[in-house]
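J.: For reference, this is my_file_39.cif, and it has mmCIF, C-alpha atoms.
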```cif
data_data
loop_
_atom_site.group_PDB
_atom_site.id
_atom_site.type_symbol
_atom_site.label_atom_id
_atom_site.label_comp_id
_atom_site.auth_asym_id
_atom_site.auth_seq_id
_atom_site.Cartn_x
_atom_site.Cartn_y
_atom_site.Cartn_z
ATOM 1 C CA MET G 266 -25.380 -3.481 -29.983
ATOM 2 C CA GLN G 267 -27.517 -0.785 -31.503
ATOM 3 C CA VAL G 268 -30.736 0.126 -29.785
ATOM 4 C CA GLY G 269 -33.935 0.577 -31.791
ATOM 5 C CA LYS G 270 -33.170 -1.953 -34.533
ATOM 6 C CA GLY G 271 -35.727 -4.512 -33.306
ATOM 7 C CA LYS G 272 -33.154 -6.617 -31.520
ATOM 8 C CA ARG G 273 -32.466 -6.806 -27.875
ATOM 9 C CA PRO G 274 -29.323 -8.140 -26.253
ATOM 10 C CA ARG G 275 -29.435 -11.764 -25.098
ATOM 11 C CA ALA G 276 -29.173 -12.401 -21.415
ATOM 12 C CA LYS G 277 -25.867 -13.988 -20.546
ATOM 13 C CA ASN G 278 -25.866 -17.193 -18.561
ATOM 14 C CA ARG G 279 -29.608 -17.617 -19.040
ATOM 15 C CA PRO G 280 -30.691 -20.826 -17.273
ATOM 16 C CA GLU G 281 -32.214 -23.491 -19.462
ATOM 17 C CA HIS G 282 -35.857 -24.371 -18.998
ATOM 18 C CA LYS G 283 -36.111 -27.106 -16.397
ATOM 19 C CA ARG G 284 -39.022 -29.076 -15.026
ATOM 20 C CA PRO G 285 -40.117 -28.195 -11.512
ATOM 21 C CA ARG G 286 -38.125 -30.009 -8.869
ATOM 22 C CA LEU G 287 -39.633 -31.642 -5.870
ATOM 23 C CA ARG G 288 -38.228 -30.755 -2.474
ATOM 24 C CA ALA G 289 -36.147 -33.946 -2.209
ATOM 25 C CA GLU G 290 -34.637 -33.313 -5.635
ATOM 26 C CA ARG G 291 -33.705 -29.735 -4.714
ATOM 27 C CA GLN G 292 -32.106 -30.945 -1.493
ATOM 28 C CA ARG G 293 -30.236 -33.711 -3.313
ATOM 29 C CA ALA G 294 -29.016 -31.209 -5.909
ATOM 30 C CA THR G 295 -27.659 -28.837 -3.263
ATOM 31 C CA THR G 296 -26.218 -31.399 -0.857
ATOM 32 C CA GLY G 297 -25.052 -33.957 -3.397
ATOM 33 C CA ARG G 298 -26.599 -36.779 -1.352
ATOM 34 C CA LYS G 299 -28.352 -39.584 -3.154
ATOM 35 C CA GLU G 300 -31.564 -40.296 -1.317
ATOM 36 C CA ALA G 301 -34.879 -41.721 -2.359
ATOM 37 C CA LEU G 302 -37.368 -39.240 -3.760
ATOM 38 C CA ARG G 303 -39.907 -38.560 -1.040
ATOM 39 C CA ILE G 304 -43.222 -36.765 -1.565
ATOM 40 C CA THR G 305 -44.211 -34.813 1.549
ATOM 41 C CA GLU G 306 -47.151 -32.623 2.604
ATOM 42 C CA GLU G 307 -45.083 -29.581 1.634
ATOM 43 C CA ALA G 308 -44.770 -30.715 -2.008
ATOM 44 C CA GLY G 309 -46.921 -28.797 -4.460
ATOM 45 C CA ILE G 310 -49.682 -30.831 -6.070
ATOM 46 C CA LYS G 311 -48.881 -29.311 -9.461
ATOM 47 C CA GLU G 312 -45.184 -30.173 -9.066
ATOM 48 C CA VAL G 313 -46.058 -33.793 -8.314
ATOM 49 C CA LEU G 314 -48.533 -34.068 -11.197
ATOM 50 C CA ASP G 315 -46.137 -32.350 -13.616
ATOM 51 C CA ARG G 316 -43.508 -34.922 -12.760
ATOM 52 C CA PHE G 317 -45.834 -37.942 -12.365
ATOM 53 C CA PRO G 318 -49.118 -37.409 -14.282
ATOM 54 C CA ASP G 319 -50.189 -41.000 -13.575
ATOM 55 C CA LEU G 320 -50.614 -40.108 -9.888
ATOM 56 C CA PHE G 321 -53.744 -38.082 -10.679
ATOM 57 C CA GLY G 322 -55.952 -41.078 -9.847
ATOM 58 C CA VAL G 323 -54.243 -41.555 -6.474
ATOM 59 C CA PHE G 324 -55.245 -38.025 -5.465
ATOM 60 C CA GLU G 325 -58.803 -38.637 -6.688
ATOM 61 C CA ASP G 326 -59.022 -41.979 -4.838
ATOM 62 C CA HIS G 327 -58.131 -40.260 -1.578
ATOM 63 C CA GLY G 328 -60.686 -37.475 -1.951
ATOM 64 C CA LEU G 329 -58.594 -34.659 -3.423
ATOM 65 C CA HIS G 330 -60.836 -33.769 -6.353
ATOM 66 C CA PHE G 331 -59.915 -31.391 -9.157
ATOM 67 C CA CYS G 332 -63.002 -29.434 -10.189
ATOM 68 C CA ALA G 333 -63.191 -28.215 -13.784
ATOM 69 C CA GLY G 334 -61.955 -24.650 -14.094
ATOM 70 C CA CYS G 335 -60.763 -24.459 -10.468
ATOM 71 C CA TYR G 336 -57.022 -24.185 -9.933
ATOM 72 C CA VAL G 337 -57.124 -24.030 -6.133
ATOM 73 C CA MET G 338 -55.978 -27.632 -5.722
ATOM 74 C CA LEU G 339 -53.223 -27.362 -8.329
ATOM 75 C CA ALA G 340 -51.879 -24.187 -6.743
ATOM 76 C CA SER G 341 -51.713 -25.677 -3.248
ATOM 77 C CA THR G 342 -49.462 -28.093 -1.432
ATOM 78 C CA ILE G 343 -50.584 -31.617 -0.616
ATOM 79 C CA GLY G 344 -51.151 -30.558 3.000
ATOM 80 C CA GLU G 345 -53.303 -27.578 1.992
ATOM 81 C CA GLY G 346 -55.256 -29.730 -0.453
ATOM 82 C CA ALA G 347 -55.883 -32.250 2.307
ATOM 83 C CA ASP G 348 -57.183 -29.410 4.506
ATOM 84 C CA TYR G 349 -59.541 -28.224 1.734
ATOM 85 C CA SER G 350 -60.846 -31.767 1.291
ATOM 86 C CA GLY G 351 -61.172 -32.480 5.021
ATOM 87 C CA LEU G 352 -58.784 -35.446 5.132
ATOM 88 C CA LYS G 353 -58.065 -36.855 8.575
ATOM 89 C CA PRO G 354 -54.422 -37.328 9.667
ATOM 90 C CA GLY G 355 -54.574 -41.085 9.040
ATOM 91 C CA ASP G 356 -55.968 -40.506 5.549
ATOM 92 C CA ARG G 357 -53.234 -37.969 4.807
ATOM 93 C CA GLN G 358 -50.591 -40.477 5.802
ATOM 94 C CA ALA G 359 -52.207 -43.147 3.625
ATOM 95 C CA LEU G 360 -52.210 -40.728 0.663
ATOM 96 C CA LEU G 361 -48.524 -39.899 1.119
ATOM 97 C CA GLU G 362 -47.603 -43.565 1.514
ATOM 98 C CA GLU G 363 -49.470 -44.516 -1.657
ATOM 99 C CA LEU G 364 -47.911 -41.638 -3.634
ATOM 100 C CA ASN G 365 -44.411 -42.556 -2.480
ATOM 101 C CA GLN G 366 -44.993 -46.265 -3.108
ATOM 102 C CA ALA G 367 -46.158 -45.507 -6.655
ATOM 103 C CA VAL G 368 -42.999 -43.456 -7.263
ATOM 104 C CA LEU G 369 -40.809 -46.265 -5.878
ATOM 105 C CA ASP G 370 -42.649 -48.807 -8.038
ATOM 106 C CA GLY G 371 -41.684 -46.790 -11.092
ATOM 107 C CA VAL G 372 -44.671 -44.724 -12.122
ATOM 108 C CA HIS G 373 -43.959 -43.443 -15.585
ATOM 109 C CA GLY G 374 -43.541 -39.725 -16.128
ATOM 110 C CA ALA G 375 -45.925 -39.599 -19.073
ATOM 111 C CA ALA G 376 -49.646 -40.091 -18.775
ATOM 112 C CA GLN G 377 -51.246 -42.840 -20.766
ATOM 113 C CA GLN G 378 -53.186 -41.759 -23.817
ATOM 114 C CA SER G 379 -56.929 -41.657 -23.385
ATOM 115 C CA PRO G 380 -58.928 -44.152 -25.496
ATOM 116 C CA SER G 381 -61.098 -41.249 -26.708
ATOM 117 C CA THR G 382 -58.076 -39.406 -28.121
ATOM 118 C CA PRO G 383 -57.371 -40.200 -31.777
#
```
Could you render the structure as structure tokens?

T.:
Amino acid sequence: MQVGKGKRPRAKNRPEHKRPRLRAERQRATTGRKEALRITEEAGIKEVLDRFPDLFGVFEDHGLHFCAGCYVMLASTIGEGADYSGLKPGDRQALLEELNQAVLDGVHGAAQQSPSTP
């Protein structure tokens, strides 16, 4: 290919764009085991919300608030977010149980449309 003609060579074997995987999905993909998806304290909050936007309210109900313009919570893991919010160990466990129960109950991957949106 000629250089300087406004074209650049395509990368071979470029991976397709994929959604972020949660830890259990990565493990299942590498080991081939079929296990239930499990959200843990090590899971990133953004990863969870990207995959399950309807879980936003669960985080809010348990005291993990997302301030406007602040990306600290989204950039942290569930455990770090619980530390920032001052959650006690029992409250952390309740949050994880509710998140996992919502996933098992079949929370949809797409958020519901707001009534204020046309």

J.: Within 12 Å of Val337 (chain G), counting all atoms listed in the file, which residues show up once you throw out same-chain ones fewer than 4 positions away? Write them as a list in words, please.

T.: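 Neighbouring residues, sequence-local ones excluded: Gly309, Ile310, Lys311, Leu329, His330, Phe331, Cys332, Ala333, Ser341, Thr342, Ile343, Glu345, Gly346, Ala347, Asp348, Tyr349 and Ser350 of chain G.
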
J.: What is the CA of Leu302 (chain G) to CA of Glu325 (chain G) distance in Å?

T.: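 So the two atoms, CA of Leu302 (chain G) and CA of Glu325 (chain G), lie 21.6 Å apart.
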
J.: Pick from G:Met338, G:Leu369, G:Asp315, G:His327: nearest to Asp356 (chain G), with only C-alpha atoms counted?

T.: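 Answer, going by the shortest atom-to-atom distance: G:His327.
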
J.: Expand the PyMOL selection byres ((chain G and resi 304) around 7) into the individual residues it matches in the shown file, reporting them as an MDAnalysis selection string.

T.: chainID G and resid 302:303 305 308 361 365

J.: Compare G:Gly328, G:Cys335, G:Val372, G:Ala340 by their minimum atom-to-atom distance to Leu352 (chain G), counting only C-alpha atoms, and give me the closest one.

T.: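 Looking only at the distances to Leu352 (chain G), the closest residue turns out to be G:Gly328.
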
J.: Would you mind putting N, CA and C atoms back on region 309-328 of chain G and writing the result as an mmCIF file, in the frame of the given file?

T.:
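selection.cif was written with the following content:
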```cif
data_model
loop_
_atom_site.group_PDB
_atom_site.id
_atom_site.type_symbol
_atom_site.label_atom_id
_atom_site.label_comp_id
_atom_site.auth_asym_id
_atom_site.auth_seq_id
_atom_site.Cartn_x
_atom_site.Cartn_y
_atom_site.Cartn_z
ATOM 1 N N GLY G 309 -45.798 -29.356 -3.718
ATOM 2 C CA GLY G 309 -46.921 -28.797 -4.460
ATOM 3 C C GLY G 309 -47.613 -29.882 -5.282
ATOM 4 N N ILE G 310 -48.931 -29.836 -5.297
ATOM 5 C CA ILE G 310 -49.682 -30.831 -6.070
ATOM 6 C C ILE G 310 -49.333 -30.717 -7.541
ATOM 7 N N LYS G 311 -49.222 -29.501 -8.049
ATOM 8 C CA LYS G 311 -48.881 -29.311 -9.461
ATOM 9 C C LYS G 311 -47.491 -29.857 -9.763
ATOM 10 N N GLU G 312 -46.536 -29.634 -8.869
ATOM 11 C CA GLU G 312 -45.184 -30.173 -9.066
ATOM 12 C C GLU G 312 -45.213 -31.693 -9.189
ATOM 13 N N VAL G 313 -45.975 -32.330 -8.308
ATOM 14 C CA VAL G 313 -46.058 -33.793 -8.314
ATOM 15 C C VAL G 313 -46.712 -34.273 -9.601
ATOM 16 N N LEU G 314 -47.823 -33.631 -9.993
ATOM 17 C CA LEU G 314 -48.533 -34.068 -11.197
ATOM 18 C C LEU G 314 -47.771 -33.734 -12.470
ATOM 19 N N ASP G 315 -46.986 -32.646 -12.454
ATOM 20 C CA ASP G 315 -46.137 -32.350 -13.616
ATOM 21 C C ASP G 315 -45.092 -33.440 -13.797
ATOM 22 N N ARG G 316 -44.560 -33.896 -12.707
ATOM 23 C CA ARG G 316 -43.508 -34.922 -12.760
ATOM 24 C C ARG G 316 -44.080 -36.321 -12.963
ATOM 25 N N PHE G 317 -45.215 -36.612 -12.312
ATOM 26 C CA PHE G 317 -45.834 -37.942 -12.365
ATOM 27 C C PHE G 317 -47.324 -37.817 -12.677
ATOM 28 N N PRO G 318 -47.703 -37.589 -13.939
ATOM 29 C CA PRO G 318 -49.118 -37.409 -14.282
ATOM 30 C C PRO G 318 -49.986 -38.615 -13.940
ATOM 31 N N ASP G 319 -49.409 -39.807 -13.886
ATOM 32 C CA ASP G 319 -50.189 -41.000 -13.575
ATOM 33 C C ASP G 319 -50.678 -41.027 -12.131
ATOM 34 N N LEU G 320 -50.179 -40.143 -11.285
ATOM 35 C CA LEU G 320 -50.614 -40.108 -9.888
ATOM 36 C C LEU G 320 -51.924 -39.352 -9.692
ATOM 37 N N PHE G 321 -52.477 -38.818 -10.758
ATOM 38 C CA PHE G 321 -53.744 -38.082 -10.679
ATOM 39 C C PHE G 321 -54.823 -38.928 -10.007
ATOM 40 N N GLY G 322 -54.937 -40.183 -10.403
ATOM 41 C CA GLY G 322 -55.952 -41.078 -9.847
ATOM 42 C C GLY G 322 -55.761 -41.340 -8.367
ATOM 43 N N VAL G 323 -54.506 -41.337 -7.901
ATOM 44 C CA VAL G 323 -54.243 -41.555 -6.474
ATOM 45 C C VAL G 323 -54.840 -40.402 -5.667
ATOM 46 N N PHE G 324 -54.646 -39.177 -6.150
ATOM 47 C CA PHE G 324 -55.245 -38.025 -5.465
ATOM 48 C C PHE G 324 -56.765 -38.149 -5.445
ATOM 49 N N GLU G 325 -57.348 -38.498 -6.590
ATOM 50 C CA GLU G 325 -58.803 -38.637 -6.688
ATOM 51 C C GLU G 325 -59.316 -39.736 -5.754
ATOM 52 N N ASP G 326 -58.604 -40.867 -5.695
ATOM 53 C CA ASP G 326 -59.022 -41.979 -4.838
ATOM 54 C C ASP G 326 -59.055 -41.606 -3.365
ATOM 55 N N HIS G 327 -58.214 -40.660 -2.985
ATOM 56 C CA HIS G 327 -58.131 -40.260 -1.578
ATOM 57 C C HIS G 327 -58.964 -39.016 -1.267
ATOM 58 N N GLY G 328 -59.770 -38.582 -2.220
ATOM 59 C CA GLY G 328 -60.686 -37.475 -1.951
ATOM 60 C C GLY G 328 -60.198 -36.095 -2.318
#
```
